[in-house]
>>> print(open('structure.cif').read())   # mmCIF, C-alpha atoms
data_work
loop_
_atom_site.label_atom_id
_atom_site.label_comp_id
_atom_site.auth_asym_id
_atom_site.auth_seq_id
_atom_site.Cartn_x
_atom_site.Cartn_y
_atom_site.Cartn_z
CA MET A 62 140.19 116.95 95.16
CA ASN A 63 138.30 116.13 91.95
CA THR A 64 137.63 112.50 92.88
CA LEU A 65 136.12 113.17 96.31
CA PHE A 66 132.52 112.68 95.14
CA ASN A 67 133.27 109.21 93.71
CA ASN A 68 133.54 107.67 97.18
CA THR A 69 130.34 105.61 97.37
CA GLU A 70 131.22 103.92 100.68
CA VAL A 71 130.97 107.30 102.43
CA ALA A 72 128.06 108.48 100.24
CA PHE A 73 125.79 105.54 101.06
CA ALA A 74 127.07 104.59 104.52
CA LEU A 75 123.62 105.17 106.05
CA LYS A 76 121.72 103.17 103.42
CA SER A 77 120.91 99.52 104.04
CA ASP A 78 121.03 97.11 101.09
CA THR A 79 117.23 97.31 100.88
CA GLU A 80 117.27 101.14 100.79
CA LEU A 81 119.98 101.06 98.14
CA GLU A 82 117.84 98.70 96.01
CA ARG A 83 114.84 101.02 96.43
CA ALA A 84 116.92 104.03 95.36
CA TYR A 85 118.11 102.12 92.30
CA PHE A 86 114.54 101.15 91.40
CA LEU A 87 113.28 104.76 91.80
CA PHE A 88 116.03 106.38 89.73
CA LYS A 89 115.57 103.70 87.06
CA LEU A 90 111.90 104.76 86.83
CA ILE A 91 112.76 108.48 86.87
CA ASP A 92 115.28 107.88 84.08
CA SER A 93 112.38 107.17 81.72
CA GLN A 94 110.42 110.27 80.68
CA PRO A 95 107.35 108.31 79.45
CA LEU A 96 107.21 106.39 82.76
CA VAL A 97 107.40 109.64 84.76
CA LYS A 98 104.52 111.10 82.71
CA ILE A 99 102.39 107.95 83.08
CA GLY A 100 103.26 107.58 86.78
CA THR A 101 102.38 111.21 87.47
CA ALA A 102 99.01 110.93 85.72
CA VAL A 103 98.14 107.63 87.46
CA THR A 104 99.17 108.97 90.89
CA ASN A 105 97.14 112.16 90.47
CA PHE A 106 94.11 110.15 89.37
CA ALA A 107 94.44 107.69 92.26
CA LEU A 108 94.71 110.49 94.85
CA LYS A 109 91.76 112.44 93.39
CA ALA A 110 89.67 109.26 93.28
CA HIS A 111 90.67 108.59 96.93
CA LEU A 112 92.07 105.18 96.04
CA PRO A 113 94.14 103.59 98.85
CA VAL A 114 97.59 104.33 97.36
CA GLU A 115 99.11 106.44 100.14
CA GLY A 116 100.77 103.40 101.76
CA LEU A 117 102.46 102.46 98.49
CA ILE A 118 103.60 106.07 97.87
CA ARG A 119 104.85 106.32 101.46
CA SER A 120 106.97 103.17 101.27
CA THR A 121 108.60 104.08 97.94
CA VAL A 122 109.02 107.60 96.56
CA PHE A 123 107.89 109.45 99.73
CA ASP A 124 110.30 107.74 102.13
CA HIS A 125 113.18 108.27 99.69
CA PHE A 126 112.67 112.01 99.09
CA CYS A 127 110.83 113.12 102.28
CA GLY A 128 111.69 113.22 105.97
CA GLY A 129 108.22 112.29 107.25
CA VAL A 130 104.59 113.33 107.53
CA ASN A 131 105.28 115.81 110.35
CA GLU A 132 108.24 117.45 112.05
CA VAL A 133 108.53 114.82 114.83
CA ASP A 134 108.45 112.07 112.19
CA CYS A 135 111.54 113.69 110.59
CA LEU A 136 113.72 113.37 113.70
CA ARG A 137 114.75 109.78 112.94
CA VAL A 138 116.24 110.95 109.61
CA VAL A 139 117.67 114.16 111.15
CA ASP A 140 119.50 112.30 113.92
CA LYS A 141 120.73 109.54 111.61
CA MET A 142 122.25 111.98 109.09
CA TYR A 143 123.83 114.06 111.84
CA THR A 144 125.89 111.05 112.95
CA LYS A 145 127.75 111.66 109.65
CA GLY A 146 127.91 115.43 110.13
CA VAL A 147 125.09 116.27 107.69
CA SER A 148 122.60 118.83 109.06
CA SER A 149 118.93 119.17 108.11
CA VAL A 150 116.54 121.88 106.94
CA LEU A 151 112.92 120.93 107.72
CA ASP A 152 110.86 122.03 104.72
CA TYR A 153 107.07 121.96 105.08
CA SER A 154 106.42 121.16 101.42
CA VAL A 155 102.71 121.79 101.11
CA GLU A 156 102.14 123.87 97.97
CA GLY A 157 99.43 125.64 96.00
CA LYS A 158 97.12 126.70 98.82
CA GLU A 159 94.77 129.68 98.37
CA GLU A 160 93.00 130.35 101.66
CA GLU A 161 93.86 132.56 104.63
CA ALA A 162 93.46 129.71 107.13
CA GLN A 163 95.97 127.64 105.12
CA PHE A 164 98.45 130.54 105.08
CA ASP A 165 98.11 130.95 108.85
CA ALA A 166 98.66 127.21 109.25
CA ALA A 167 101.86 127.46 107.15
CA LEU A 168 103.09 130.33 109.36
CA ASN A 169 102.40 128.28 112.49
CA MET A 170 104.29 125.34 111.01
CA THR A 171 107.23 127.65 110.16
CA LEU A 172 107.27 128.95 113.76
CA LYS A 173 107.20 125.37 115.00
CA THR A 174 110.20 124.44 112.82
CA ILE A 175 112.07 127.55 114.06
CA GLU A 176 111.44 126.36 117.61
CA PHE A 177 112.57 122.87 116.61
CA ALA A 178 115.76 124.26 115.07
CA LYS A 179 116.48 126.35 118.17
CA GLU A 180 116.56 123.17 120.28
CA ARG A 181 118.65 121.05 117.89
CA GLU A 182 122.19 121.60 116.69
CA ALA A 183 121.42 119.23 113.78
CA ILE A 184 118.87 121.73 112.35
CA PRO A 185 120.66 125.06 111.73
CA PHE A 186 118.01 126.50 109.36
CA ALA A 187 114.26 126.88 109.07
CA VAL A 188 112.60 127.60 105.71
CA PHE A 189 109.36 128.69 104.07
CA LYS A 190 107.97 129.44 100.61
CA PRO A 191 106.48 132.89 99.90
CA THR A 192 103.35 131.25 98.43
CA GLY A 193 102.95 129.41 101.72
CA PHE A 194 102.10 132.83 103.20
CA GLY A 195 99.99 134.34 100.40
CA ARG A 196 98.40 133.87 96.99
CA LEU A 197 100.68 133.78 93.94
CA ALA A 198 98.28 136.04 91.98
CA LEU A 199 98.49 138.65 94.74
CA TYR A 200 102.31 138.66 94.66
CA GLU A 201 102.08 139.10 90.90
CA LYS A 202 99.76 142.12 91.20
CA VAL A 203 101.96 143.75 93.84
CA GLY A 204 105.10 143.09 91.76
CA GLU A 205 103.50 144.72 88.73
CA LYS A 206 102.45 147.69 90.92
CA ALA A 207 98.87 147.06 89.81
CA TYR A 208 95.93 148.68 91.63
CA LEU A 209 94.87 146.75 94.75
CA THR A 210 91.31 146.86 96.05
CA GLU A 211 90.85 147.68 99.73
CA ASN A 212 90.42 143.97 100.52
CA GLU A 213 93.51 143.03 98.49
CA GLN A 214 95.57 145.66 100.32
CA LYS A 215 94.44 144.20 103.66
CA GLU A 216 95.27 140.72 102.38
CA TRP A 217 98.73 141.92 101.30
CA ASN A 218 99.31 143.52 104.70
CA ARG A 219 98.63 140.12 106.28
CA VAL A 220 101.18 138.49 103.93
CA VAL A 221 103.83 141.03 105.00
CA GLU A 222 102.88 140.49 108.63
CA ARG A 223 103.39 136.71 108.31
CA PHE A 224 106.88 137.32 106.88
CA ASP A 225 107.66 139.68 109.74
CA ILE A 226 106.44 137.29 112.45
CA ALA A 227 108.57 134.46 111.00
CA CYS A 228 111.69 136.62 110.56
CA LYS A 229 111.35 138.28 113.98
CA THR A 230 110.99 134.86 115.63
CA ALA A 231 114.06 133.54 113.79
CA PHE A 232 115.99 136.65 114.88
CA GLU A 233 114.95 136.26 118.53
CA LYS A 234 115.77 132.52 118.55
CA ASP A 235 119.01 133.04 116.57
CA VAL A 236 117.92 130.53 113.91
CA LEU A 237 118.89 131.08 110.27
CA LEU A 238 115.83 131.41 108.03
CA LEU A 239 115.81 130.51 104.33
CA ILE A 240 113.07 131.97 102.12
CA ASP A 241 112.65 130.06 98.87
CA ALA A 242 112.29 131.59 95.39
CA GLU A 243 109.44 130.71 93.06
CA GLU A 244 108.10 131.84 89.67
CA SER A 245 109.71 134.99 88.24
CA TRP A 246 106.36 136.77 87.89
CA MET A 247 105.79 136.72 91.66
CA GLN A 248 109.41 137.17 92.72
CA ASP A 249 109.72 140.99 92.62
CA ALA A 250 107.11 141.38 95.36
CA ALA A 251 108.70 138.63 97.48
CA ASP A 252 112.19 140.11 96.99
CA ALA A 253 110.98 143.51 98.21
CA ILE A 254 109.62 142.03 101.46
CA VAL A 255 112.71 139.89 102.08
CA THR A 256 115.03 142.86 101.54
CA ASP A 257 113.01 144.80 104.13
CA MET A 258 113.37 141.85 106.52
CA MET A 259 117.15 141.77 105.96
CA ARG A 260 117.29 145.51 106.62
CA LYS A 261 115.42 144.94 109.88
CA TYR A 262 116.90 141.68 111.21
CA ASN A 263 120.34 141.30 109.56
CA LYS A 264 122.03 144.20 111.38
CA GLN A 265 124.60 142.04 113.20
CA LYS A 266 124.83 139.05 110.85
CA ALA A 267 122.80 137.24 108.18
CA ILE A 268 119.72 135.67 109.79
CA VAL A 269 117.22 136.10 106.93
CA PHE A 270 118.24 134.48 103.61
CA ASN A 271 116.61 135.16 100.26
CA THR A 272 117.05 132.78 97.29
CA LEU A 273 118.51 133.58 93.86
CA GLN A 274 117.67 131.27 90.96
CA MET A 275 120.74 131.57 88.78
CA TYR A 276 119.08 130.18 85.65
CA ARG A 277 117.68 133.73 85.49
CA TRP A 278 120.10 135.96 83.58
CA ASP A 279 119.25 139.05 85.70
CA ARG A 280 120.08 137.65 89.13
CA LEU A 281 123.80 138.46 89.30
CA ASP A 282 123.04 142.14 88.72
CA TYR A 283 120.30 141.91 91.34
CA LEU A 284 122.86 140.57 93.84
CA LYS A 285 125.35 143.35 93.07
CA ASN A 286 122.66 146.04 93.47
CA LEU A 287 121.53 144.49 96.74
CA HIS A 288 125.14 144.54 97.94
CA GLU A 289 125.27 148.30 97.34
CA GLU A 290 122.04 148.70 99.34
CA ALA A 291 123.46 146.57 102.16
CA ILE A 292 126.61 148.72 102.38
CA LYS A 293 124.56 151.94 102.34
CA ASP A 294 121.93 150.79 104.87
CA GLY A 295 124.23 148.71 107.08
CA PHE A 296 122.81 145.18 106.86
CA TYR A 297 124.15 141.72 106.01
CA ILE A 298 123.03 139.65 103.03
CA GLY A 299 122.00 136.03 103.47
CA MET A 300 121.51 134.28 100.13
CA LYS A 301 120.73 130.76 99.02
CA LEU A 302 121.99 130.21 95.48
CA VAL A 303 120.28 127.61 93.29
CA ARG A 304 120.00 127.01 89.58
CA GLY A 305 116.19 126.90 89.57
CA ALA A 306 113.23 124.56 89.25
CA TYR A 307 110.61 126.17 87.00
CA MET A 308 112.42 126.34 83.67
CA GLU A 309 109.77 124.83 81.35
CA LYS A 310 107.00 126.88 82.95
CA GLU A 311 109.05 130.09 82.67
CA ASN A 312 109.96 129.54 79.00
CA GLU A 313 106.39 128.60 78.04
CA ARG A 314 104.88 131.67 79.72
CA ALA A 315 107.39 134.03 78.10
CA ALA A 316 106.71 132.46 74.66
CA GLU A 317 102.93 132.74 75.13
CA ARG A 318 103.28 136.44 75.96
CA GLY A 319 105.82 137.18 73.25
CA GLN A 320 108.34 138.26 75.90
CA LYS A 321 112.04 137.56 76.32
CA SER A 322 112.49 134.53 78.54
CA PRO A 323 113.93 135.30 82.00
CA ILE A 324 115.96 132.08 81.70
CA CYS A 325 119.58 131.88 80.49
CA VAL A 326 119.98 130.75 76.88
CA SER A 327 121.79 127.51 77.76
CA LYS A 328 122.80 125.17 80.57
CA GLU A 329 126.39 126.43 80.20
CA ALA A 330 125.25 130.05 80.65
CA THR A 331 123.36 129.03 83.80
CA ASP A 332 126.42 127.23 85.18
CA THR A 333 128.60 130.27 84.48
CA ASN A 334 126.04 132.55 86.15
CA TYR A 335 125.79 130.29 89.21
CA ASP A 336 129.56 130.06 89.68
CA ALA A 337 129.94 133.83 89.19
CA ALA A 338 127.41 134.49 91.95
CA VAL A 339 129.19 132.09 94.32
CA SER A 340 132.51 133.74 93.53
CA TYR A 341 131.05 137.24 94.07
CA MET A 342 129.66 136.23 97.47
CA ILE A 343 132.93 134.62 98.58
CA ASP A 344 134.75 137.83 97.54
CA HIS A 345 132.39 139.82 99.81
CA LEU A 346 132.04 137.40 102.70
CA ASP A 347 132.51 140.30 105.12
CA LYS A 348 128.92 141.34 104.32
CA MET A 349 127.43 138.04 103.16
CA ALA A 350 126.56 134.46 104.06
CA VAL A 351 125.94 131.89 101.33
CA PHE A 352 123.92 128.68 101.19
CA ALA A 353 125.15 127.00 98.00
CA GLY A 354 122.24 124.80 96.98
CA THR A 355 123.61 122.62 94.21
CA HIS A 356 123.68 119.04 92.92
CA ASN A 357 126.43 120.00 90.51
CA GLU A 358 129.77 118.41 91.35
CA GLU A 359 131.81 120.91 89.33
CA SER A 360 130.28 123.91 91.14
CA SER A 361 130.89 122.22 94.50
CA TYR A 362 134.57 121.62 93.64
CA LYS A 363 134.90 125.25 92.53
CA LEU A 364 133.52 126.54 95.83
CA MET A 365 135.86 124.25 97.78
CA GLN A 366 138.78 125.56 95.72
CA LEU A 367 137.77 129.21 96.29
CA MET A 368 137.64 128.61 100.03
CA GLN A 369 141.06 126.97 99.95
CA GLU A 370 142.61 129.79 97.89
CA LYS A 371 141.25 132.46 100.23
CA GLY A 372 142.21 130.59 103.40
CA ILE A 373 138.58 130.25 104.52
CA ALA A 374 138.03 127.50 107.11
CA LYS A 375 136.00 124.52 105.88
CA ASN A 376 133.54 125.00 108.75
CA ASP A 377 133.19 128.80 108.40
CA ASN A 378 129.57 129.34 109.51
CA ARG A 379 128.93 131.83 106.67
CA ILE A 380 129.17 129.06 104.06
CA PHE A 381 126.88 126.04 103.74
CA PHE A 382 126.55 123.50 100.96
CA GLY A 383 123.01 122.20 100.47
CA GLN A 384 121.31 119.33 98.65
CA LEU A 385 117.88 117.69 98.70
CA LEU A 386 117.17 114.52 100.66
CA GLY A 387 117.40 111.47 98.41
CA MET A 388 119.68 113.13 95.88
CA SER A 389 123.44 113.68 95.48
CA ASP A 390 124.41 111.84 98.66
CA ASN A 391 127.86 111.50 97.09
CA ILE A 392 128.24 115.29 97.40
CA SER A 393 126.58 115.78 100.81
CA PHE A 394 128.21 112.99 102.81
CA ASN A 395 131.68 113.30 101.27
CA LEU A 396 131.72 117.07 101.93
CA ALA A 397 130.61 116.50 105.53
CA ALA A 398 133.30 113.83 105.98
CA GLU A 399 135.86 116.46 104.88
CA GLY A 400 134.59 118.91 107.53
CA TYR A 401 132.45 121.28 105.41
CA ASN A 402 129.07 122.61 106.54
CA VAL A 403 126.37 120.64 104.74
CA ALA A 404 122.59 120.67 105.11
CA LYS A 405 120.01 118.47 103.42
CA TYR A 406 116.52 119.81 102.69
CA LEU A 407 114.01 117.44 104.35
CA PRO A 408 110.57 118.01 102.81
CA PHE A 409 107.73 116.87 105.07
CA GLY A 410 103.95 116.97 105.27
CA PRO A 411 100.94 114.70 104.72
CA VAL A 412 101.60 112.31 101.80
CA ARG A 413 98.68 113.68 99.75
CA ASP A 414 99.76 117.32 100.24
CA VAL A 415 103.41 116.69 99.42
CA MET A 416 102.66 114.99 96.07
CA PRO A 417 103.02 118.21 93.96
CA TYR A 418 106.56 118.57 95.38
CA LEU A 419 107.42 114.92 94.65
CA ILE A 420 106.06 115.14 91.10
CA ARG A 421 108.17 118.25 90.49
CA ARG A 422 111.24 116.41 91.79
CA ALA A 423 110.64 113.49 89.42
CA GLU A 424 110.09 115.79 86.44
CA GLU A 425 113.14 117.87 87.31
CA ASN A 426 115.36 114.78 87.56
CA THR A 427 114.09 113.62 84.17
CA SER A 428 114.82 116.97 82.52
CA VAL A 429 118.29 117.58 84.03
CA ALA A 430 120.75 115.93 81.68
CA GLY A 431 122.99 113.44 83.43
CA GLN A 432 121.57 113.84 86.97
CA THR A 433 119.68 110.54 87.10
CA SER A 434 122.29 108.53 85.20
CA ARG A 435 124.95 109.81 87.64
CA GLU A 436 122.82 108.64 90.59
CA LEU A 437 122.36 105.22 88.96
CA THR A 438 126.08 104.85 88.20
CA LEU A 439 127.01 105.60 91.82
CA ILE A 440 124.38 103.24 93.27
CA LYS A 441 125.55 100.48 90.91
CA LYS A 442 129.15 101.08 91.96
CA GLU A 443 128.20 100.82 95.65
CA LYS A 444 126.17 97.65 95.09
CA GLU A 445 129.20 96.07 93.40
CA ARG A 446 131.53 97.25 96.18
CA ARG A 447 129.28 95.63 98.80
CA LYS A 448 129.16 92.35 96.87
CA LEU A 449 132.96 92.23 96.81
#
>>> encode(input="structure.cif", output="structure tokens")
Amino acid sequence: MNTLFNNTEVAFALKSDTELERAYFLFKLIDSQPLVKIGTAVTNFALKAHLPVEGLIRSTVFDHFCGGVNEVDCLRVVDKMYTKGVSSVLDYSVEGKEEEAQFDAALNMTLKTIEFAKEREAIPFAVFKPTGFGRLALYEKVGEKAYLTENEQKEWNRVVERFDIACKTAFEKDVLLLIDAEESWMQDAADAIVTDMMRKYNKQKAIVFNTLQMYRWDRLDYLKNLHEEAIKDGFYIGMKLVRGAYMEKENERAAERGQKSPICVSKEATDTNYDAAVSYMIDHLDKMAVFAGTHNEESSYKLMQLMQEKGIAKNDNRIFFGQLLGMSDNISFNLAAEGYNVAKYLPFGPVRDVMPYLIRRAEENTSVAGQTSRELTLIKKEKERRKL
């Protein structure tokens, strides 16, 4: 089992030689921290100065990590991947908005992707970010149980209403709905809404999925407490498990405030936490459904082994493996070839609006030890295989 993810012929079957070369070039750039910093600064400047760089971004980093500029644009990638058994999650990756009209637009886009998913077997999930539906500062105030002005209370009611419209629509269309996790200081308020949505719409099975970032040391206890609530109130838990993407920001904020960091003390502690959460969910699959979002080969092997030991079918619809488009194709496509449920996140949106997401991806790849070098090793191996 432990050599499955080394098969580069399966991993890169959909990539042409040109696309493989582009991937190699991109990961080579990402492998250099100074280049990522310089590239990020130059890109931000060029976009702010309205220089004509969108075409260049589109043909390189955007087309590698994103599905398209809109949902229809993504279908080419969706259909292509599904020929190899890999499903898609259309992720409208426009971040950092602050206005009501923008939040309403994000809701409408979420409803559109739910409708899209309803019509296509290749898209089993829809997804949205809590800050797509409301201001981060407002989530923070609500989470801290701070006093809300009358206008803020009305604003918060609209945030909750957007969640409810999205979850109700997903429930009615029978489409699974993932709700992403973000910074720890806004997460309590988001968790409270999502739990209410599970209580309301997960009576028969998991439709609404929250996200646990397992680099936070408190999340396993959170999951166990939620499980007790689910048993008491009679609802199913849908949960996407990830390691997390805001580590530097979280540590810096905690240090500035003289608080204990919410992040595990080491990478090993995070890995242990992640695997423990997966194991807990597999042990309680009667009340849970898990979306294992991971680029970690070891964690993927462990989940496969758990399923095997417990006699769980590879295609059990309560278990999905998930990775991001443009990354860890060796995990995604080899798992799908073995008959497991796999879904790739396909970020989409206007090039300019998706740049914060792409910059975060580049920075994350640079900071995760071994991730980029593993990608480069596999691409090199496939290039050599094709030459032979």
>>> residues_around(input="structure.cif", residues="Gly129 in chain A", least_positions_apart="5", cutoff="12 Å", atoms="all atoms listed in the file", output="list of chain:residue names")
A:Arg119, A:Ser120, A:Val122, A:Phe123, A:Asp124, A:Asp134, A:Cys135, A:Leu136, A:Arg137, A:Val138, A:Val139, A:Leu151, A:Asp152, A:Tyr153, A:Ser154, A:Leu386, A:Leu407, A:Pro408, A:Phe409, A:Gly410, A:Pro411, A:Val412, A:Val415
>>> residues_around(input="structure.cif", residues="Ser393 in chain A", least_positions_apart="4", cutoff="12 Å", atoms="all atoms listed in the file", output="number ranges by chain")
A: 65-69, 71-74, 142-143, 145-149, 353-358, 361, 381-389, 397-406
>>> closest_residue(input="structure.cif", among="A:Leu237, A:Lys285, A:Cys228, A:Trp278", to="Asn378 in chain A", atoms="all atoms listed in the file")
A:Leu237
>>> residues_near_point(input="structure.cif", point="(121.0, 144.2, 106.4)", cutoff="12 Å", atoms="all atoms listed in the file", output="number ranges by chain")
A: 255-271, 287-300, 348-350
>>> closest_residue(input="structure.cif", among="A:Ile392, A:Val351, A:Val221, A:Ala207", to="Glu436 in chain A", atoms="all atoms listed in the file")
A:Ile392
>>> atom_distance(input="structure.cif", atom1="CA of Lys206 in chain A", atom2="CA of Val155 in chain A")
27.8 Å
>>> atom_distance(input="structure.cif", atom1="CA of Tyr418 in chain A", atom2="CA of Ala306 in chain A")
10.9 Å
>>> closest_residue(input="structure.cif", among="A:Cys325, A:Ile343, A:Ile118, A:Ile175", to="Leu87 in chain A", atoms="all atoms listed in the file")
A:Ile118
>>> atom_distance(input="structure.cif", atom1="CA of Asp235 in chain A", atom2="CA of Phe352 in chain A")
16.7 Å
>>> resolve_selection(input="structure.cif", expression="the PyMOL selection byres ((chain A and resi 200) around 10)", output="number ranges by chain")
A: 191-192, 195-199, 201-206, 217, 220, 246-251
>>> resolve_selection(input="structure.cif", expression="the PyMOL selection byres ((chain A and resi 173) around 12)", output="PyMOL selection string")
chain A and resi 131-133+151-153+166-172+174-180+187-189+227+230-231+234+236
>>> closest_residue(input="structure.cif", among="A:Leu346, A:Leu273, A:Ala162, A:Leu449", to="Ile373 in chain A", atoms="all atoms listed in the file")
A:Leu346
>>> decode(input="structure.cif", residues="range 435-447 of chain A", atoms="N, CA and C atoms", output="PDB file, in the first residue's frame")
ATOM      1  N   ARG A 435       8.686  17.548  -2.754  1.00  0.00           N
ATOM      2  CA  ARG A 435       8.008  16.297  -3.132  1.00  0.00           C
ATOM      3  C   ARG A 435       7.341  16.458  -4.501  1.00  0.00           C
ATOM      4  N   GLU A 436       6.673  17.585  -4.707  1.00  0.00           N
ATOM      5  CA  GLU A 436       6.036  17.856  -6.010  1.00  0.00           C
ATOM      6  C   GLU A 436       7.092  17.835  -7.125  1.00  0.00           C
ATOM      7  N   LEU A 437       8.220  18.507  -6.875  1.00  0.00           N
ATOM      8  CA  LEU A 437       9.284  18.583  -7.891  1.00  0.00           C
ATOM      9  C   LEU A 437       9.871  17.206  -8.198  1.00  0.00           C
ATOM     10  N   THR A 438      10.080  16.414  -7.149  1.00  0.00           N
ATOM     11  CA  THR A 438      10.636  15.058  -7.337  1.00  0.00           C
ATOM     12  C   THR A 438       9.720  14.215  -8.224  1.00  0.00           C
ATOM     13  N   LEU A 439       8.420  14.291  -7.950  1.00  0.00           N
ATOM     14  CA  LEU A 439       7.452  13.499  -8.718  1.00  0.00           C
ATOM     15  C   LEU A 439       7.360  13.966 -10.171  1.00  0.00           C
ATOM     16  N   ILE A 440       7.367  15.284 -10.377  1.00  0.00           N
ATOM     17  CA  ILE A 440       7.301  15.811 -11.752  1.00  0.00           C
ATOM     18  C   ILE A 440       8.551  15.392 -12.530  1.00  0.00           C
ATOM     19  N   LYS A 441       9.706  15.498 -11.865  1.00  0.00           N
ATOM     20  CA  LYS A 441      10.973  15.074 -12.501  1.00  0.00           C
ATOM     21  C   LYS A 441      10.902  13.603 -12.904  1.00  0.00           C
ATOM     22  N   LYS A 442      10.406  12.799 -11.983  1.00  0.00           N
ATOM     23  CA  LYS A 442      10.300  11.346 -12.220  1.00  0.00           C
ATOM     24  C   LYS A 442       9.406  11.079 -13.441  1.00  0.00           C
ATOM     25  N   GLU A 443       8.294  11.808 -13.536  1.00  0.00           N
ATOM     26  CA  GLU A 443       7.372  11.611 -14.664  1.00  0.00           C
ATOM     27  C   GLU A 443       7.995  12.102 -15.982  1.00  0.00           C
ATOM     28  N   LYS A 444       8.724  13.195 -15.920  1.00  0.00           N
ATOM     29  CA  LYS A 444       9.391  13.693 -17.128  1.00  0.00           C
ATOM     30  C   LYS A 444      10.384  12.650 -17.656  1.00  0.00           C
ATOM     31  N   GLU A 445      11.127  12.046 -16.716  1.00  0.00           N
ATOM     32  CA  GLU A 445      12.106  11.008 -17.101  1.00  0.00           C
ATOM     33  C   GLU A 445      11.398   9.781 -17.671  1.00  0.00           C
ATOM     34  N   ARG A 446      10.291   9.391 -17.019  1.00  0.00           N
ATOM     35  CA  ARG A 446       9.520   8.222 -17.490  1.00  0.00           C
ATOM     36  C   ARG A 446       9.041   8.434 -18.919  1.00  0.00           C
ATOM     37  N   ARG A 447       8.565   9.651 -19.217  1.00  0.00           N
ATOM     38  CA  ARG A 447       8.069   9.946 -20.565  1.00  0.00           C
ATOM     39  C   ARG A 447       9.193   9.941 -21.591  1.00  0.00           C
TER      40      ARG A 447
END
